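Novice: Got a structure for you, questions after.
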Amino acid sequence: MARRRHAQPHFDVPPALPADEAASLAYEHDKDLSTHAFKEGEHPLVRIEHLNKTFDDNQVLKDVNLNVWREEIVVVLGPSGSGKSTMLRCINMLETPTAGHILIEDDEITGTTKANLNEHRKRIGMVFQNFNLFPHLSAKENVMVGQTKVLKRSKAEAEAEAVKQLTAVGLADRMDFMPSQLSGGQQQRVAIARAVAMHPDVILFDEPTSALDPELVRGVLDVMRDLALNSGMTMIVVTHEMGFARDVADRVVFMEGGVVVEEGTPEQVFDHPQNERTRAFLGNITD
Amino acid sequence: MNARETSRVTRLRAAGPGATAKARVKRYALLVCAFALGVIGLLAVVAPTPAQALTVSSTTARPNEDGGDHVIGGLPTRLTWEGRVEAGEELESITLTMPEGGTFEGSSTRVTVLDGLNRQDVAAVATPDGTTLAIVFDEPIPEDSLVRLEVTGVAFPNADGDYVIEGTYENQLGEQVLPSSPAISVIANTPVQGLVNWLDQQPWVEAWNSNPFLSMFFKPQILVSSFAALFPGWLVCLAIVLVAYPFAILFGLCFAFMKMSRFIVVRAIAVTYINILRGTPLFLQIYIAFFGLPMLGIQINVYILGCAVMAINSSAYLAEIFRAGIQSIPVGQYEAAASLGMGHMRTMISIILPQTVRRVLPTVTSDFITSYKDTSLLSSVGVMELMMYAKNMTAITGNITPYMTAAIFYLIVTLPLIKAITVVERRIARSESGQGPRPKGGELTEEDLQLDLAQDALAQAAHAEADEPAALEPAYLPLAREGA
């Protein structure tokens, strides 16, 4: 008896653009929308082209196009259900796009083999809303496991890196604690250290403070701010923290209903929103 | 031997003249054979000694080991000595001699004399004296009589060895040397037996045993001796379950993964295996394996087969335990591992299985306890394990105490494990709620948390005042990028 499959909607999307053409188009598109310091002939680090995603009948992403440049901080805002988390999870293929292309340094990772995908994932860090620390490993081991098992770094090297990153997030005295013995904020800082220790090209933050008690949010944001301003790390941050977006972002992307409604520098988006929906959303948030 | 031949001859004669000539020839042949056999038998026993000699037909000692079948030296036992008075001989007295270290002292002797199948009344006086026992018959025992001496309360030397009873006897011709008896195998007294003997003499033990319940279920002497006697059975139980269980874990893991397979055929195989084994009694599975395989002509050592059946049975339960354990790991763990670039195998080995082990440890331990107890079912097919030993000893002693001892042997293993499960479960519950013990820095108390919060609040206030982002020291130096 054949299992009834849900009919997958079919999207006709053009093939990914050639690298140079894409780069020049992206530059033209983004140069006035980001405070990023563009360099001559630079190619975007992450290219999202015609990204579509449906869950059953629900189309969550509708032809999303976005470029992220190396060392750029992109903050994605939008109401719940706007598809911003799904877009982020598509970038490292935790969700498989229904159609469209994800390219990292002009390498397409959509439709690639599993082994290839894991190679790409090494270069894409992720921080989850619910931390997702490995509960059977101490804070230090959490930061070490990816380094030793995936990057094949020596134990000593991994440990030195873990100590360095945990110290950077202010957990030098909590290295041997198990995740369950740490507060939510501390756990999220360990998760950030775990992502950073892999020396990825880009780190994806999926609502990193949404699951935290309000008084613990500040510590995590401080760490992210520090990372953004002082490390040169490329970051794509999905968040509801307007203050963080305004202070730290090179570019703010506002999404609603599965499309990018508006993007621009924090000043453009927050102070002079062009789109009615953006204005309504920011008005609701700031009231 | 002679008595039997005589009776056969009688029977043959009784067949009488009605028989045919052919039958007669046959009977004659048989008669000759019987006679020849008789002569050979006679020669065999008589040959080494001169004619007209008493022969010793058997000598035995009654086992005096509690729950065992050994003759223990130094402890009272009953010696049964049998001899035959040969043709032309008249037995007047016998003197038995015990090997050095043994004693007849304090023994009492019963004399039985059989002439054919008829018991003869014979009066005799037995005089024990150290290693010798002199028995003088009031009247001489006539030829062809069987003399049986049952000497109660004798003791063999308290050392391992094969001992023979020697001695002398007097017939109408004077004193003769008694042929040596068959050897009697004796073991030295064991500490256990020593303890049993000591218990035998304690008034409180006697008082204890005067209660029929206590005496039937908890007789101290049998408790002590059964501990020693059941010990090998306990080791067999442990060996079976300890050999079987690693295989059960391995198979269980295999079938757990098979049941989670993407391929329906693989899943179907696993589901069938698991459901059939979980849906039928272990007892039945044991019978099928132990009676079915030999009927196919496949002979497997019972211990190995026992291990195999236990392993296969347990693997079905473990498969379900592992599957449930693996599926209880939140999807976020897979995502976090994937985000680090781990492949499926690596994720399983480094992330999922270690967490699964912690989660399923109590359940697996419960299953181990069940398996360990269920080895008792193997006694029904002749595996010499704890239950079998207990059954045998109860049959010998007619007392339930060996079963109680078996219960203690089972509990020695199960009680600590049950306790361990409780401890582990509590520890897991505590660690999952974040109240487990903390490494260095001691306990993180409510105060620490308040301190953390206060620091957070201070930082917040500082930010608000300064109205500028990140007053932090730059902890991040630009990261060294590979290939950049």
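Residue numbering restarts at 1 for every chain of the structure tokens, chains are lettered A, B, ... in their displayed order, and ligands are numbered from 1 as they appear.
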Which residues are near Pro362 in chain B? Cut-off 7 Å, only C-alpha atoms, ignore same chain within fewer than 6 positions. Put them as a PyMOL selection string.
Specialist: chain B and resi 421+424-425
Novice: Output as a ChimeraX atom specification all residues of range 90-316 of chain B that backbone DSSP marks as alpha helix (DSSP H).
Specialist: /B:191-200,203-209,212-217,220-259,264-279,282-287,293-295,302-316
Novice: Applying 12 Å and only C-alpha atoms, which residues near Met198 in chain A remain after dropping the ones on its own chain fewer than 5 positions away? List them as a PDB file with C-alpha atoms, in the first residue's frame.
Specialist:
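Just written: out_38.pdb:
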ATOM      1  CA  ARG A 121      28.345  23.295   8.221  1.00  0.00           C
ATOM      2  CA  LYS A 122      31.800  23.396   9.813  1.00  0.00           C
ATOM      3  CA  ARG A 123      32.040  26.923   8.449  1.00  0.00           C
ATOM      4  CA  ILE A 124      28.583  27.994   9.626  1.00  0.00           C
ATOM      5  CA  GLY A 125      28.147  28.314  13.372  1.00  0.00           C
ATOM      6  CA  MET A 126      24.721  28.375  14.945  1.00  0.00           C
ATOM      7  CA  ASN A 142      30.717  21.308  24.943  1.00  0.00           C
ATOM      8  CA  VAL A 143      33.105  23.813  23.422  1.00  0.00           C
ATOM      9  CA  MET A 144      35.697  21.114  22.712  1.00  0.00           C
ATOM     10  CA  VAL A 145      33.598  18.362  21.132  1.00  0.00           C
ATOM     11  CA  GLY A 146      33.143  19.998  17.737  1.00  0.00           C
ATOM     12  CA  GLN A 147      36.793  20.952  17.572  1.00  0.00           C
ATOM     13  CA  THR A 148      38.096  17.477  18.342  1.00  0.00           C
ATOM     14  CA  LYS A 149      35.495  15.341  16.569  1.00  0.00           C
ATOM     15  CA  VAL A 150      34.854  17.495  13.503  1.00  0.00           C
ATOM     16  CA  LEU A 151      37.885  19.722  13.010  1.00  0.00           C
ATOM     17  CA  LYS A 152      40.186  16.971  14.345  1.00  0.00           C
ATOM     18  CA  ARG A 153      42.087  19.408  16.486  1.00  0.00           C
ATOM     19  CA  GLU A 157      44.589  22.673  21.224  1.00  0.00           C
ATOM     20  CA  ALA A 158      40.832  22.297  21.612  1.00  0.00           C
ATOM     21  CA  GLU A 161      40.628  27.287  22.537  1.00  0.00           C
ATOM     22  CA  ALA A 162      37.720  26.331  24.837  1.00  0.00           C
ATOM     23  CA  GLN A 165      36.398  31.316  24.358  1.00  0.00           C
ATOM     24  CA  ALA A 191      26.649  27.938  23.200  1.00  0.00           C
ATOM     25  CA  ILE A 192      28.150  31.109  21.709  1.00  0.00           C
ATOM     26  CA  ALA A 193      31.625  30.010  22.797  1.00  0.00           C
ATOM     27  CA  ILE A 203      27.458  32.502  12.936  1.00  0.00           C
ATOM     28  CA  MET A 233      32.849  37.741  12.849  1.00  0.00           C
TER      29      MET A 233
ATOM     30  CA  SER B 339      25.384  22.720  13.086  1.00  0.00           C
ATOM     31  CA  LEU B 340      28.894  21.739  14.202  1.00  0.00           C
ATOM     32  CA  GLY B 341      29.273  19.684  11.021  1.00  0.00           C
ATOM     33  CA  LEU B 479      39.960  35.610  14.777  1.00  0.00           C
ATOM     34  CA  ALA B 480      42.661  33.987  12.762  1.00  0.00           C
ATOM     35  CA  ARG B 481      40.935  32.636   9.725  1.00  0.00           C
ATOM     36  CA  GLU B 482      42.226  29.637   7.938  1.00  0.00           C
TER      37      GLU B 482
END
Novice: So that I can check the surroundings of Thr98 in chain A, please list as a list of chain:residue names every protein, DNA and RNA residue that reaches within 10 Å of it, counting only C-alpha atoms and ignoring chain neighbours fewer than 6 positions away.
Specialist: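 Non-adjacent residues within range: A:Gln8, A:Pro9, A:His10, A:Phe11, A:Leu51, A:Asn52, A:Lys53, A:Thr54, A:Phe55, A:Gln59, A:Leu61, A:Cys90, A:Thr110.
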Novice: Given the choices B:Met310, B:Val56, B:Leu223, B:Ala316, which gets closest to Phe255 in chain B if the distance is worked out from only C-alpha atoms?
Specialist: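 Looking only at the distances to Phe255 in chain B, the closest residue turns out to be B:Ala316.
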Novice: When you draw a straight line from CA of Met342 in chain B to CA of Met178 in chain A, how long is it in Å?
Specialist: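 Between CA of Met342 in chain B and CA of Met178 in chain A the gap works out to 21.5 Å.
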Novice: For Arg189 in chain A, list every protein, DNA or RNA residue within 12 Å, evaluated using only C-alpha atoms, and leave out those in the same chain fewer than 5 positions away; present the list as an NGL selection string.
Specialist: :A and (127-133 or 139-140 or 142-143 or 165-172 or 174-175 or 179 or 182-184 or 194-196 or 205 or 208-209 or 212 or 216-224 or 226-227)
Novice: Give me the residues within 6 Å of range 43-49 of chain A as a list of chain:residue names, counting only C-alpha atoms and dropping any in the same chain fewer than 3 places off.
Specialist: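 The residues that qualify are A:Ala23, A:Asn65, A:Leu66, A:Asn67, A:Val68, A:Trp69, A:Arg70, A:Gly100, A:His101, A:Ile102, A:Leu103, A:Ile104, A:Glu105.
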Novice: Report, in Å to a single decimal, how far apart CA of Asp56 in chain A and CA of Ser261 in chain B are.
Specialist: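 Computing it gives 23.6 Å between the two atoms.
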Novice: Looking at only C-alpha atoms, which of B:Phe218, B:Tyr169, B:Phe263, B:Phe156 is the one that sits closest to Ile141 in chain B?
Specialist: B:Tyr169
Novice: Fewer than 6 positions away in the same chain doesn't count, so skip those; otherwise give me all residues within 9 Å of Asp250 in chain A, counting only C-alpha atoms, as a ChimeraX atom specification.
Specialist: /A:33-36,72-75,264-266
Novice: Keeping N, CA, C and O atoms, export the residues of the selection given above as a compact mmCIF listing (two decimals), in the first residue's frame.
Specialist:
# COMPACT_ATOMS: atom_id res chain seq x y z
N LEU A 33 22.44 50.20 1.63
CA LEU A 33 21.56 49.65 2.66
C LEU A 33 22.33 49.12 3.86
O LEU A 33 21.74 48.59 4.79
N SER A 34 23.66 49.22 3.82
CA SER A 34 24.45 48.62 4.89
C SER A 34 25.60 49.54 5.25
O SER A 34 26.15 50.22 4.38
N THR A 35 25.96 49.55 6.51
CA THR A 35 27.12 50.32 6.95
C THR A 35 28.40 49.51 6.78
O THR A 35 29.47 49.93 7.21
N HIS A 36 28.26 48.32 6.20
CA HIS A 36 29.42 47.46 5.96
C HIS A 36 30.44 48.19 5.09
O HIS A 36 30.07 48.87 4.14
N GLU A 72 30.01 41.37 7.99
CA GLU A 72 28.80 42.17 8.16
C GLU A 72 27.94 41.60 9.29
O GLU A 72 27.92 40.39 9.52
N ILE A 73 27.25 42.51 9.98
CA ILE A 73 26.30 42.07 11.01
C ILE A 73 24.91 42.36 10.48
O ILE A 73 24.53 43.52 10.31
N VAL A 74 24.16 41.29 10.19
CA VAL A 74 22.81 41.46 9.67
C VAL A 74 21.83 41.04 10.75
O VAL A 74 21.92 39.93 11.27
N VAL A 75 20.92 41.95 11.10
CA VAL A 75 19.90 41.60 12.09
C VAL A 75 18.57 41.49 11.37
O VAL A 75 18.17 42.38 10.63
N GLY A 264 17.80 47.84 5.28
CA GLY A 264 18.57 49.08 5.25
C GLY A 264 19.44 49.21 6.48
O GLY A 264 19.48 48.30 7.32
N THR A 265 20.13 50.32 6.58
CA THR A 265 20.95 50.56 7.78
C THR A 265 20.00 50.73 8.95
O THR A 265 18.81 51.05 8.75
N PRO A 266 20.48 50.55 10.18
CA PRO A 266 19.59 50.72 11.33
C PRO A 266 18.90 52.08 11.29
O PRO A 266 17.72 52.20 11.59
Novice: Measuring between only C-alpha atoms, which one of B:Leu277, B:Ile264, B:Cys237, B:Ala395 shows the shortest distance to chain A?
Specialist: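 Once distances to chain A are computed over only C-alpha atoms, the minimum belongs to B:Ile264.
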